[in-house]
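Report on one structure; see the data block that follows.
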Amino acid sequence: MKSLQFFFKRDRSPFSTAGFTLIETVVVIAITVMLSGIFIGYTRSSNNQLALFQNQARVVGSLNRARSLALQKLNVPEACAFGVYVAGDASGLPANEFIVFQDVASGGDCRSDAYRASNGYHKYESGEEIERFVLDSDFRFSGSWGEDGESIVFVPPELTADALPVPLPVSITITGRGISGTVTVSASGQIAGQ
């Protein structure tokens, strides 16, 4: 009998009762899983938002480059305007490409009535490309312009802004990964990302 009492006393020692119960362990694991799920979901959303901001910055940077080139027109005297072309459905360009271009008058006179009446007035035409940019593969342009695309130009020396076929203000929407953002060019030539 003494051996049995010794056995039970050993069981009640502080070393045998130390530890966590099964319920406590399950509760801690459940809370850890919930917090991990929230953190992973938040991280994915942040990555998508960051990718959208990077693509918007690329478009805003290109518009600013065109505006800067228009200010430096002395370096390219034959250019009538500088702009950014966003492709439409019938343009042959992918929906995630855009082009910085210089608008050149075929006769060389930017102020001539023949140039202003021509189909290429303040519009992108083949051979006027300065630089080509591509959005991330998950992102696309969408907007209210026609199937020929939209040309947003800055005209020196006054640095006036113009857009064809949709007049200013123009909103360029970038969509992808379930989110969208807008780059707007106002009638005064101000560029803003939203």
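Here's how to read the names in the structure tokens: chain A, B, ... by the order shown, residue numbers from 1 in each chain, ligand numbers from 1 in the order shown.
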
Strand (DSSP E) positions in chain A, given as a PyMOL selection string: chain A and resi 79-86+97-104+129-134+140-142+150-155+160-164+170-176+179-185+191-193

Counting only C-alpha atoms, which residues in range 83-141 of chain A sit no more than 12 Å from range 42-53 of chain A? For each one, give the nearest pair of atoms and the distance in Å, sorted by chain then residue number, as CSV.
residue,atom,partner,partner_atom,distance
A:Leu135,CA,A:Leu52,CA,9.5
A:Asp136,CA,A:Ala51,CA,8.0
A:Ser137,CA,A:Ala51,CA,10.7
A:Asp138,CA,A:Ala51,CA,9.3
A:Phe139,CA,A:Leu52,CA,8.0
A:Arg140,CA,A:Leu52,CA,10.5
A:Phe141,CA,A:Leu52,CA,11.7

Minimum-distance residue to Gly149 in chain A, chosen among A:Val86, A:Ile130, A:Ala105, A:Ile23 (using only C-alpha atoms): A:Val86

Polymer residues at most 12 Å from Glu147 in chain A, only C-alpha atoms, same-chain spacing of 4 or more positions, as a list in words: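 The contact residues come out as Val86, Ala87, Gly88, Asp89, Ala90, Ser91, Gly92, Leu93, Ala95, Ser142, Gly143, Ser151, Leu164, Pro165 and Val166 of chain A.
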
Pull C-alpha atoms from the residues just selected and write them as a CSV table (one decimal), in the first residue's frame.
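Printed below is result.csv as written:
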chain,number,residue,atom,x,y,z
A,86,VAL,CA,-2.5,55.1,-75.7
A,87,ALA,CA,-3.4,52.3,-78.1
A,88,GLY,CA,-7.0,51.5,-79.1
A,89,ASP,CA,-8.5,48.2,-80.3
A,90,ALA,CA,-7.7,48.8,-84.0
A,91,SER,CA,-4.2,50.2,-83.5
A,92,GLY,CA,-2.4,46.9,-83.6
A,93,LEU,CA,-0.6,47.6,-80.3
A,95,ALA,CA,-3.7,47.0,-74.7
A,142,SER,CA,-9.3,51.2,-70.7
A,143,GLY,CA,-11.0,54.5,-71.6
A,151,SER,CA,-3.1,61.0,-78.4
A,164,LEU,CA,-7.6,63.5,-79.9
A,165,PRO,CA,-10.2,62.0,-80.5
A,166,VAL,CA,-11.6,62.7,-77.0

Contact residues around Arg65 in chain A with only C-alpha atoms at 12 Å, ignoring same-chain residues under 3 positions, as a ChimeraX atom specification: /A:57-62,68-72,82-84,99-102,130-131,153-154,191

Those residues you just picked out, can you put them in a file as a PDB file, in the first residue's frame with C-alpha atoms?
ATOM      1  CA  ALA A  57       3.769  56.328 -62.158  1.00  0.00           C
ATOM      2  CA  ARG A  58       5.046  54.956 -65.469  1.00  0.00           C
ATOM      3  CA  VAL A  59       2.192  56.674 -67.361  1.00  0.00           C
ATOM      4  CA  VAL A  60       2.533  59.942 -65.412  1.00  0.00           C
ATOM      5  CA  GLY A  61       6.301  59.885 -66.010  1.00  0.00           C
ATOM      6  CA  SER A  62       5.757  59.431 -69.757  1.00  0.00           C
ATOM      7  CA  SER A  68       9.396  68.298 -70.913  1.00  0.00           C
ATOM      8  CA  LEU A  69      10.282  67.580 -74.549  1.00  0.00           C
ATOM      9  CA  ALA A  70       7.770  70.214 -75.621  1.00  0.00           C
ATOM     10  CA  LEU A  71       9.530  72.719 -73.363  1.00  0.00           C
ATOM     11  CA  GLN A  72      12.862  71.787 -74.987  1.00  0.00           C
ATOM     12  CA  PHE A  82       5.142  65.956 -78.204  1.00  0.00           C
ATOM     13  CA  GLY A  83       2.727  63.516 -76.686  1.00  0.00           C
ATOM     14  CA  VAL A  84       1.740  60.112 -75.411  1.00  0.00           C
ATOM     15  CA  ILE A  99       4.228  55.463 -76.855  1.00  0.00           C
ATOM     16  CA  VAL A 100       5.924  58.826 -76.337  1.00  0.00           C
ATOM     17  CA  PHE A 101       6.005  60.502 -79.758  1.00  0.00           C
ATOM     18  CA  GLN A 102       6.830  63.721 -81.571  1.00  0.00           C
ATOM     19  CA  ILE A 130      10.463  58.363 -79.494  1.00  0.00           C
ATOM     20  CA  GLU A 131      10.018  55.737 -76.798  1.00  0.00           C
ATOM     21  CA  VAL A 153      -0.050  66.174 -76.842  1.00  0.00           C
ATOM     22  CA  PHE A 154       1.743  69.202 -75.447  1.00  0.00           C
ATOM     23  CA  ILE A 191      -1.311  65.502 -64.857  1.00  0.00           C
TER      24      ILE A 191
END

Range 74-176 of chain A: residues DSSP assigns to helix (DSSP H, G or I), reported as a PyMOL selection string: chain A and resi 74-75+113-117

Atoms kept (C-alpha atoms) for selection, written as a short mmCIF file (atom, residue, chain, number, x, y, z; two decimals), in the first residue's frame:
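In the end it all went to part-v2.cif:
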data_model
loop_
_atom_site.label_atom_id
_atom_site.label_comp_id
_atom_site.auth_asym_id
_atom_site.auth_seq_id
_atom_site.Cartn_x
_atom_site.Cartn_y
_atom_site.Cartn_z
CA LEU A 74 14.72 73.98 -79.56
CA ASN A 75 16.50 70.61 -79.70
CA ASP A 113 -3.47 75.39 -92.49
CA ALA A 114 -2.64 72.25 -94.50
CA TYR A 115 -1.04 70.63 -91.43
CA ARG A 116 -3.91 71.66 -89.17
CA ALA A 117 -6.44 70.22 -91.60
#

d(CA of Leu159 in chain A, CA of Tyr124 in chain A) in Å: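 For CA of Leu159 in chain A relative to CA of Tyr124 in chain A, the distance reads 17.8 Å.
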
Contacts of Ala192 in chain A at 8 Å (only C-alpha atoms; same-chain gap of 3+ positions) as a PyMOL selection string: chain A and resi 60+183-185
